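Q: Got a structure for you, structure_28.cif, holding mmCIF, C-alpha atoms.
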data_start
loop_
_atom_site.label_atom_id
_atom_site.label_comp_id
_atom_site.auth_asym_id
_atom_site.auth_seq_id
_atom_site.Cartn_x
_atom_site.Cartn_y
_atom_site.Cartn_z
CA MET A 719 -37.42 21.16 1.85
CA THR A 720 -37.27 23.96 -0.75
CA ASP A 721 -34.11 25.78 -1.68
CA GLN A 722 -35.52 28.90 0.01
CA ALA A 723 -36.17 27.05 3.26
CA ARG A 724 -32.78 25.36 3.30
CA ARG A 725 -30.37 27.28 5.51
CA GLN A 726 -27.55 28.89 3.56
CA PRO A 727 -24.06 27.81 4.67
CA ALA A 728 -22.10 30.28 6.74
CA THR A 729 -19.36 32.27 5.04
CA ILE A 730 -15.99 33.43 6.25
CA HIS A 731 -17.48 36.92 6.60
CA ASP A 732 -20.18 35.57 8.95
CA VAL A 733 -17.52 33.99 11.14
CA ALA A 734 -15.46 37.20 11.10
CA GLN A 735 -18.44 39.29 12.14
CA LEU A 736 -19.35 36.97 15.01
CA ALA A 737 -15.75 36.72 16.23
CA GLY A 738 -15.12 40.43 15.83
CA VAL A 739 -12.13 40.05 13.52
CA ASN A 740 -11.23 40.53 9.86
CA PRO A 741 -11.92 37.74 7.34
CA SER A 742 -8.16 37.43 6.77
CA THR A 743 -7.75 36.70 10.48
CA VAL A 744 -10.36 33.93 10.22
CA SER A 745 -8.40 32.43 7.34
CA ARG A 746 -5.16 32.48 9.32
CA ALA A 747 -6.80 31.19 12.51
CA LEU A 748 -8.35 28.20 10.78
CA GLY A 749 -5.61 27.47 8.27
CA LYS A 750 -2.43 28.47 10.12
CA PRO A 751 -3.37 29.03 13.79
CA GLY A 752 0.25 29.65 14.78
CA ARG A 753 0.06 33.03 12.99
CA VAL A 754 -2.53 34.48 15.40
CA SER A 755 -2.75 34.62 19.18
CA ALA A 756 -4.16 31.64 21.03
CA ALA A 757 -7.07 33.72 22.31
CA THR A 758 -7.97 34.94 18.83
CA ALA A 759 -7.69 31.44 17.35
CA GLU A 760 -9.99 30.08 20.06
CA ARG A 761 -12.54 32.88 19.49
CA VAL A 762 -12.55 32.19 15.74
CA ARG A 763 -12.92 28.42 16.25
CA ALA A 764 -15.82 28.98 18.63
CA ALA A 765 -17.57 31.27 16.14
CA ALA A 766 -17.00 28.77 13.31
CA ALA A 767 -18.42 25.96 15.43
CA GLN A 768 -21.46 28.04 16.40
CA LEU A 769 -22.19 28.82 12.76
CA ASP A 770 -21.28 25.29 11.57
CA TYR A 771 -18.79 26.88 9.19
CA ARG A 772 -16.82 24.60 6.87
CA ILE A 773 -13.83 25.68 4.81
CA ASN A 774 -14.62 25.38 1.11
CA PRO A 775 -11.85 23.12 -0.25
CA ILE A 776 -12.26 24.47 -3.79
CA ALA A 777 -11.90 28.07 -2.64
CA ARG A 778 -8.92 27.13 -0.49
CA ALA A 779 -7.29 25.37 -3.42
CA LEU A 780 -7.73 28.48 -5.59
CA LEU A 781 -6.03 30.60 -2.93
CA THR A 782 -3.23 28.24 -1.92
CA GLY A 783 -2.75 26.00 -4.95
CA ARG A 784 -3.25 23.02 -2.63
CA THR A 785 -6.26 20.72 -2.36
CA ARG A 786 -5.20 18.91 0.84
CA THR A 787 -6.00 15.71 -1.04
CA LEU A 788 -3.65 12.79 -1.62
CA GLY A 789 -4.01 10.02 -4.19
CA LEU A 790 -3.30 6.34 -3.54
CA VAL A 791 -3.21 4.11 -6.62
CA VAL A 792 -3.30 0.35 -6.07
CA ALA A 793 -3.19 -2.53 -8.51
CA ASP A 794 -6.16 -4.48 -7.14
CA VAL A 795 -8.56 -3.25 -4.45
CA THR A 796 -9.79 -6.81 -3.89
CA ASN A 797 -6.32 -7.99 -2.81
CA PRO A 798 -6.41 -8.16 1.01
CA ALA A 799 -2.81 -6.92 1.13
CA VAL A 800 -4.14 -3.53 0.04
CA PHE A 801 -6.35 -3.15 3.12
CA GLY A 802 -3.45 -2.48 5.47
CA ILE A 803 -1.82 0.01 3.10
CA VAL A 804 -5.08 1.93 2.82
CA ARG A 805 -5.68 1.90 6.57
CA GLY A 806 -2.20 3.17 7.39
CA ALA A 807 -2.31 5.83 4.68
CA GLU A 808 -5.78 7.01 5.71
CA ARG A 809 -4.76 7.31 9.36
CA VAL A 810 -1.78 9.55 8.64
CA ALA A 811 -3.69 11.60 6.05
CA ARG A 812 -6.53 12.18 8.52
CA GLU A 813 -4.13 13.17 11.30
CA HIS A 814 -2.77 15.91 9.02
CA ASP A 815 -6.21 17.04 7.80
CA TYR A 816 -5.82 15.59 4.32
CA THR A 817 -8.35 13.58 2.32
CA LEU A 818 -7.20 10.31 0.77
CA VAL A 819 -8.54 9.31 -2.67
CA ILE A 820 -8.10 5.67 -3.72
CA ALA A 821 -7.94 4.49 -7.34
CA GLU A 822 -7.35 1.08 -8.92
CA SER A 823 -5.28 0.21 -11.98
CA GLN A 824 -6.27 -3.49 -12.19
CA GLY A 825 -2.59 -4.21 -12.77
CA ASP A 826 -2.63 -2.50 -16.18
CA PRO A 827 0.25 -0.01 -16.62
CA ASP A 828 -1.62 1.93 -19.32
CA ALA A 829 -4.77 2.17 -17.22
CA GLU A 830 -2.64 3.24 -14.27
CA ALA A 831 -0.98 5.96 -16.35
CA ALA A 832 -4.37 7.32 -17.43
CA THR A 833 -5.68 7.20 -13.87
CA THR A 834 -2.68 9.00 -12.42
CA GLU A 835 -2.91 11.71 -15.07
CA ARG A 836 -6.53 12.37 -14.07
CA LEU A 837 -5.71 12.33 -10.37
CA LEU A 838 -2.75 14.64 -10.76
CA LEU A 839 -5.09 17.55 -11.52
CA SER A 840 -6.84 17.33 -8.14
CA VAL A 841 -4.33 15.96 -5.61
CA ASP A 842 -1.24 17.38 -3.93
CA GLY A 843 0.73 14.14 -4.29
CA LEU A 844 0.53 10.47 -5.21
CA ILE A 845 1.35 7.12 -3.63
CA LEU A 846 1.83 4.39 -6.22
CA ALA A 847 1.55 0.96 -4.60
CA THR A 848 3.25 -1.87 -6.52
CA THR A 849 3.15 0.10 -9.74
CA ARG A 850 4.11 -1.56 -13.03
CA MET A 851 4.40 1.69 -14.99
CA ASP A 852 7.61 2.27 -16.89
CA PRO A 853 10.24 4.52 -15.27
CA GLU A 854 9.73 7.38 -17.75
CA ARG A 855 6.07 7.73 -16.81
CA ILE A 856 6.82 7.64 -13.10
CA HIS A 857 9.55 10.27 -13.47
CA SER A 858 7.16 12.45 -15.47
CA LEU A 859 4.64 12.31 -12.63
CA ALA A 860 7.29 13.02 -10.00
CA GLU A 861 8.44 16.11 -11.91
CA ARG A 862 4.96 17.61 -11.53
CA LYS A 863 3.83 16.49 -8.08
CA PRO A 864 5.43 14.65 -5.14
CA VAL A 865 5.30 10.88 -5.68
CA VAL A 866 6.10 8.02 -3.30
CA LEU A 867 6.44 4.41 -4.42
CA VAL A 868 5.49 1.36 -2.37
CA ASN A 869 7.14 -1.98 -3.23
CA ARG A 870 9.03 -0.40 -6.11
CA SER A 871 12.45 1.23 -6.24
CA LEU A 872 13.39 3.86 -8.81
CA ASP A 873 16.29 6.29 -8.74
CA GLY A 874 15.20 9.84 -8.01
CA VAL A 875 11.77 8.92 -6.60
CA ASP A 876 10.98 8.46 -2.92
CA ALA A 877 10.08 4.90 -1.96
CA VAL A 878 8.94 2.86 1.01
CA LEU A 879 10.32 -0.66 0.82
CA PRO A 880 9.79 -3.24 3.57
CA ASP A 881 12.96 -5.11 4.48
CA ILE A 882 12.14 -8.43 2.83
CA ALA A 883 15.53 -10.04 3.47
CA CYS A 884 14.79 -10.83 7.11
CA GLY A 885 11.53 -12.69 6.41
CA VAL A 886 12.95 -14.47 3.37
CA ASP A 887 15.96 -15.68 5.33
CA GLN A 888 13.68 -17.01 8.08
CA LEU A 889 11.50 -18.81 5.53
CA VAL A 890 14.41 -20.50 3.74
CA GLU A 891 15.98 -21.46 7.07
CA HIS A 892 12.64 -22.95 8.12
CA LEU A 893 12.34 -25.04 4.95
CA ALA A 894 15.97 -26.15 5.12
CA GLY A 895 15.48 -27.19 8.72
CA LEU A 896 12.57 -29.36 7.62
CA GLY A 897 14.85 -31.17 5.17
CA HIS A 898 13.73 -29.53 1.93
CA ARG A 899 16.42 -29.19 -0.72
CA ASP A 900 14.44 -28.50 -3.93
CA VAL A 901 12.06 -25.51 -3.83
CA LEU A 902 9.86 -23.88 -6.47
CA TYR A 903 9.06 -20.15 -6.49
CA LEU A 904 5.80 -19.13 -8.19
CA ALA A 905 6.77 -15.65 -9.37
CA GLY A 906 4.42 -12.68 -9.52
CA ALA A 907 3.31 -10.62 -12.48
CA ALA A 908 5.55 -9.62 -15.35
CA GLY A 909 7.13 -6.27 -14.56
CA SER A 910 6.58 -6.63 -10.81
CA TRP A 911 9.61 -5.13 -9.05
CA ILE A 912 8.74 -6.73 -5.72
CA SER A 913 8.37 -10.20 -7.27
CA HIS A 914 11.86 -9.88 -8.73
CA ALA A 915 13.22 -8.62 -5.40
CA ARG A 916 11.71 -11.56 -3.54
CA ALA A 917 13.13 -13.97 -6.14
CA GLU A 918 16.60 -12.51 -5.72
CA ALA A 919 16.40 -12.68 -1.93
CA LEU A 920 15.13 -16.27 -2.06
CA GLY A 921 17.88 -17.27 -4.48
CA ALA A 922 20.60 -15.80 -2.29
CA ALA A 923 19.18 -17.38 0.88
CA ALA A 924 18.79 -20.77 -0.85
CA ALA A 925 22.36 -20.67 -2.20
CA ARG A 926 23.75 -20.01 1.28
CA ARG A 927 22.08 -23.21 2.51
CA GLY A 928 22.71 -25.42 -0.51
CA LEU A 929 19.08 -25.47 -1.66
CA THR A 930 18.01 -25.50 -5.30
CA LEU A 931 15.49 -22.77 -6.17
CA ARG A 932 13.45 -23.15 -9.37
CA MET A 933 11.32 -20.41 -10.90
CA SER A 934 7.85 -20.58 -12.48
CA GLY A 935 6.13 -17.57 -13.97
CA PRO A 936 5.26 -14.86 -14.50
CA ASN A 937 1.88 -15.27 -12.82
CA GLU A 938 -0.88 -12.87 -11.97
CA PRO A 939 -1.01 -12.60 -8.15
CA THR A 940 -4.41 -14.28 -7.80
CA ILE A 941 -5.96 -17.46 -6.42
CA ASP A 942 -6.98 -18.51 -9.93
CA ALA A 943 -3.39 -18.25 -11.12
CA GLY A 944 -2.27 -20.41 -8.19
CA ARG A 945 -4.79 -23.06 -9.17
CA ALA A 946 -3.66 -22.89 -12.79
CA ARG A 947 -0.02 -23.51 -11.81
CA ALA A 948 -0.82 -26.35 -9.43
CA ARG A 949 -0.48 -29.26 -11.85
CA GLU A 950 2.92 -28.02 -13.03
CA ALA A 951 4.07 -27.48 -9.45
CA LEU A 952 2.84 -30.88 -8.29
CA ALA A 953 4.58 -32.60 -11.21
CA SER A 954 7.85 -30.73 -10.82
CA GLY A 955 9.28 -33.06 -8.19
CA VAL A 956 9.99 -30.30 -5.68
CA THR A 957 9.06 -30.83 -2.04
CA ALA A 958 8.21 -27.19 -1.27
CA VAL A 959 6.56 -24.34 -3.19
CA ILE A 960 6.70 -20.64 -2.30
CA GLY A 961 4.08 -18.36 -3.82
CA PHE A 962 4.93 -14.75 -4.64
CA ASN A 963 1.96 -13.87 -2.44
CA ASP A 964 -0.58 -15.64 -0.28
CA LEU A 965 -3.22 -15.62 -3.01
CA LEU A 966 -1.06 -17.74 -5.32
CA ALA A 967 -0.23 -20.06 -2.43
CA ILE A 968 -3.89 -20.41 -1.44
CA GLY A 969 -4.84 -21.27 -5.03
CA LEU A 970 -2.16 -23.96 -5.02
CA LEU A 971 -3.44 -25.34 -1.69
CA GLN A 972 -6.98 -25.56 -3.07
CA ALA A 973 -5.85 -27.32 -6.24
CA ALA A 974 -3.67 -29.76 -4.27
CA ALA A 975 -6.66 -30.68 -2.11
CA SER A 976 -8.82 -31.29 -5.19
CA GLU A 977 -6.06 -33.53 -6.62
CA GLY A 978 -5.95 -35.53 -3.37
CA ARG A 979 -2.42 -34.37 -2.55
CA LYS A 980 -1.67 -33.98 1.14
CA VAL A 981 -0.13 -30.74 2.38
CA PRO A 982 2.32 -30.69 4.06
CA ALA A 983 2.89 -34.48 4.08
CA GLU A 984 3.58 -34.58 0.33
CA LEU A 985 4.27 -30.93 -0.42
CA SER A 986 5.00 -27.89 1.75
CA VAL A 987 3.50 -24.57 0.65
CA ALA A 988 4.30 -21.03 1.80
CA GLY A 989 3.42 -17.51 0.69
CA PHE A 990 4.09 -13.85 1.31
CA ASP A 991 2.09 -11.04 2.96
CA ASP A 992 0.04 -12.78 5.73
CA ILE A 993 -3.24 -11.49 4.35
CA PHE A 994 -6.55 -11.85 6.15
CA GLY A 995 -7.70 -15.44 5.58
CA SER A 996 -4.28 -17.04 5.33
CA GLU A 997 -4.70 -18.54 8.78
CA PHE A 998 -8.23 -19.80 8.01
CA ILE A 999 -7.42 -21.86 4.91
CA VAL A 1000 -6.93 -25.57 5.56
CA PRO A 1001 -4.15 -26.20 6.23
CA SER A 1002 -3.37 -22.73 7.56
CA LEU A 1003 -0.72 -21.01 5.48
CA THR A 1004 2.89 -20.47 6.47
CA THR A 1005 3.78 -17.01 5.20
CA VAL A 1006 6.17 -14.07 5.42
CA ARG A 1007 4.29 -11.22 7.08
CA THR A 1008 4.61 -7.72 5.64
CA PRO A 1009 3.60 -4.82 7.97
CA PHE A 1010 1.28 -3.22 5.42
CA THR A 1011 -0.38 -0.77 7.81
CA GLU A 1012 3.01 0.61 8.77
CA VAL A 1013 4.02 0.68 5.10
CA GLY A 1014 0.95 2.77 4.19
CA ALA A 1015 1.56 5.11 7.11
CA ALA A 1016 5.24 5.54 6.25
CA ALA A 1017 4.51 6.22 2.58
CA THR A 1018 1.98 8.89 3.50
CA ALA A 1019 4.37 10.51 5.96
CA VAL A 1020 7.08 10.69 3.28
CA LEU A 1021 4.59 12.08 0.76
CA LEU A 1022 3.38 14.75 3.18
CA ALA A 1023 6.97 15.78 3.81
CA GLY A 1024 7.32 16.37 0.07
CA VAL A 1025 3.98 18.16 -0.19
CA GLU A 1026 4.71 20.40 2.79
CA GLY A 1027 8.16 21.20 1.49
CA ALA A 1028 10.07 19.41 4.23
CA HIS A 1029 12.93 17.03 3.59
CA ALA A 1030 11.39 13.77 2.38
CA HIS A 1031 13.89 11.14 3.44
CA ARG A 1032 13.85 7.84 1.59
CA ALA A 1033 12.19 5.28 3.82
CA ASP A 1034 13.88 2.31 2.16
CA ASP A 1035 16.30 1.50 4.93
CA GLY A 1036 13.85 -0.87 6.58
CA GLY A 1037 13.42 0.84 9.91
CA GLU A 1038 10.41 -0.73 11.57
CA LEU A 1039 9.18 -2.15 8.25
CA ILE A 1040 10.62 -5.59 8.90
CA THR A 1041 9.11 -8.74 7.42
CA GLU A 1042 8.89 -11.88 9.54
CA LEU A 1043 8.04 -15.53 9.12
CA VAL A 1044 4.73 -16.82 10.46
CA VAL A 1045 4.84 -20.63 10.69
CA ARG A 1046 1.52 -22.42 10.34
CA ASN A 1047 0.39 -25.86 9.17
CA SER A 1048 1.12 -25.79 5.43
CA THR A 1049 4.83 -26.55 5.89
CA GLY A 1050 6.30 -29.71 7.38
CA PRO A 1051 9.18 -32.20 7.10
CA ARG A 1052 10.13 -33.31 3.62
CA GLY A 1053 8.09 -36.35 2.67
#
Translate the structure of the given file into structure tokens.
A:
Amino acid sequence: MTDQARRQPATIHDVAQLAGVNPSTVSRALGKPGRVSAATAERVRAAAAQLDYRINPIARALLTGRTRTLGLVVADVTNPAVFGIVRGAERVAREHDYTLVIAESQGDPDAEAATTERLLLSVDGLILATTRMDPERIHSLAERKPVVLVNRSLDGVDAVLPDIACGVDQLVEHLAGLGHRDVLYLAGAAGSWISHARAEALGAAAARRGLTLRMSGPNEPTIDAGRARAREALASGVTAVIGFNDLLAIGLLQAAASEGRKVPAELSVAGFDDIFGSEFIVPSLTTVRTPFTEVGAAATAVLLAGVEGAHAHRADDGGELITELVVRNSTGPRG
């Protein structure tokens, strides 16, 4: 089809002419329908539908200073824990007629800083999921556009933090009930706020029950890193190992199997997150479930409150974002 034959897109003036109103009325009816009568809004919508009219987001941004686009920056798009965050964020963004743009930092704070600087030019606000950027950079971003953190706490910046204490307490109680007294924690990446928070919660829960908690790390939150730490974990003399996330725990399970070590008869293994696949590994993985879809939705709701100028309350009081233990076959009585 030639350019001449291709139908030209309808303009706001075409819609106004068909609906019998001024172009400014079309703009109000489609952008802020509460500012015109219901009958007028319906007439404008019908005309727009008939002409297949679409609001030009670039033109709207020039007029309003808003792109109706939100940015979500994640450390690793291949990590299954990200799927739920994206799904929850996308649902809330779509419900409010916003577009969600997803970017990956690959766990590199400098790459993340460069990515966020590029995004900041074209989005109305940012969600930073498990960011490792230094506080000064995050504050600089938050001074220019609304920012919400996920799995990171920083004074002066809105954050959505699942209540990890509940799930951690259940996990430690579970291991103590099985007779374990010496536990190893495979920590997450260097600079990971959530890894440190989980370590603190585990340490407090272990101390309350008279368990010894050892630390090993930092580790990248990957299956390969779990495999690499396996020999050290197996030789440590502990009877239970907790991975910072399920990927580390799954890597440890795979390495234990290749070494001929029986889980959980010789070693109990647990993780965090309850990612897709954690119940399919053999043995299926005991884990602390994080409600990632709800986390993504909550973070987007808080961000939209900031973008729209409403009061953006800090969603770090837990609320419905409660973690919980899921017991499967990778944990058992102390051997």
Q: Spell out the residues picked by the PyMOL selection byres ((chain A and resi 764) around 12) here, as a list in words.
A: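 Taken over the shown coordinates, the PyMOL selection byres ((chain A and resi 764) around 12) returns Val733, Ala734, Leu736, Ala737, Gly738, Val744, Ala747, Leu748, Ala757, Thr758, Ala759, Glu760, Arg761, Val762, Arg763, Ala765, Ala766, Ala767, Gln768, Leu769, Asp770 and Tyr771 of chain A.
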Q: Apply the PyMOL selection byres ((chain A and resi 1045) around 6) to the structure shown and report the selected residues as a compact mmCIF listing (two decimals) with C-alpha atoms, in the coordinates of the input.
A:
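selection_32.txt, freshly written:
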# COMPACT_ATOMS: atom_id res chain seq x y z
CA THR A 1004 2.89 -20.47 6.47
CA VAL A 1044 4.73 -16.82 10.46
CA ARG A 1046 1.52 -22.42 10.34
Q: For the structure provided, state which residues fall under the PyMOL selection byres ((chain A and resi 876-881) around 10), and present them as a ChimeraX atom specification.
A: /A:845-847,860,864-875,882-886,912,1008-1010,1012-1018,1020-1021,1024,1030-1042
Q: Could you check which of A:Glu891, A:Asp942, A:Asp900, A:Leu985 is closest to Ala923 (chain A), using all atoms listed in the file?
A: A:Glu891
Q: Tell me, as a PDB file with C-alpha atoms, in the frame of the given file, which residues lie within 7 Å of region 968-977 of chain A, counting all atoms listed in the file; anything in the same chain fewer than 5 positions away does not count.
A:
ATOM      1  CA  ILE A 941      -5.960 -17.460  -6.420  1.00  0.00           C
ATOM      2  CA  ASP A 942      -6.980 -18.510  -9.930  1.00  0.00           C
ATOM      3  CA  ALA A 943      -3.390 -18.250 -11.120  1.00  0.00           C
ATOM      4  CA  GLY A 944      -2.270 -20.410  -8.190  1.00  0.00           C
ATOM      5  CA  ARG A 945      -4.790 -23.060  -9.170  1.00  0.00           C
ATOM      6  CA  ALA A 948      -0.820 -26.350  -9.430  1.00  0.00           C
TER       7      ALA A 948
END
Q: Quick one: everything within 12 Å of Asn797 (chain A), counting all atoms listed in the file, minus sequence neighbours fewer than 4 positions away in the same chain. Send it as JSON, numbers by chain.
A: {"A": [792, 793, 801, 802, 803, 804, 822, 824, 825, 848, 938, 939, 940, 941, 963, 964, 965, 966, 991, 992, 993, 994, 995]}
Q: What is the distance, in Å and to one decimal place, between CA of Tyr903 (chain A) and CA of Gly935 (chain A)?
A: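 CA of Gly935 (chain A) lies 8.4 Å from CA of Tyr903 (chain A).
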Q: Could you state the separation of CA of Ala799 (chain A) and CA of Pro936 (chain A) in Å, given to one decimal place?
A: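 These two atoms are separated by 19.3 Å.
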Q: At what distance in Å, to one decimal, does CA of Lys980 (chain A) lie from CA of Ala894 (chain A)?
A: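 Separation between CA of Ala894 (chain A) and CA of Lys980 (chain A): 19.7 Å.
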Q: Would you pick out the contacts of Val901 (chain A) at 9 Å or less, using only C-alpha atoms, so that residues sharing its chain but fewer than 2 positions from it are not included, and give the list as a list in words?
A: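 After dropping sequence-adjacent residues, the list is Leu893, His898, Arg899, Tyr903, Ala924, Leu929, Thr930, Leu931, Arg932, Met933, Val956, Thr957, Ala958, Val959 and Ile960 of chain A.
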Q: From the list A:Asp887, A:Asp852, A:Pro1051, A:Thr729, which residue is nearest Pro741 (chain A) when using only C-alpha atoms?
A: A:Thr729
Q: With distances taken over all atoms listed in the file, which of A:Val739, A:Gly789, A:Ala951, A:Arg927 is nearest to His892 (chain A)?
A: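 Comparing A:Val739, A:Gly789, A:Ala951, A:Arg927 against His892 (chain A), the winner is A:Arg927.
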Q: Please return, as a ChimeraX atom specification, all polymer residues that have at least one atom within 6 Å of the point (-5.4, -28.7, 3.7); use only C-alpha atoms and the file's own coordinate frame.
A: /A:981,1000-1001
Q: If you count all atoms listed in the file, which residues fall within 10 Å of Thr787 (chain A), apart from same-chain ones fewer than 3 positions away, as number ranges by chain?
A: A: 775, 784, 811, 815-819, 837, 840-844
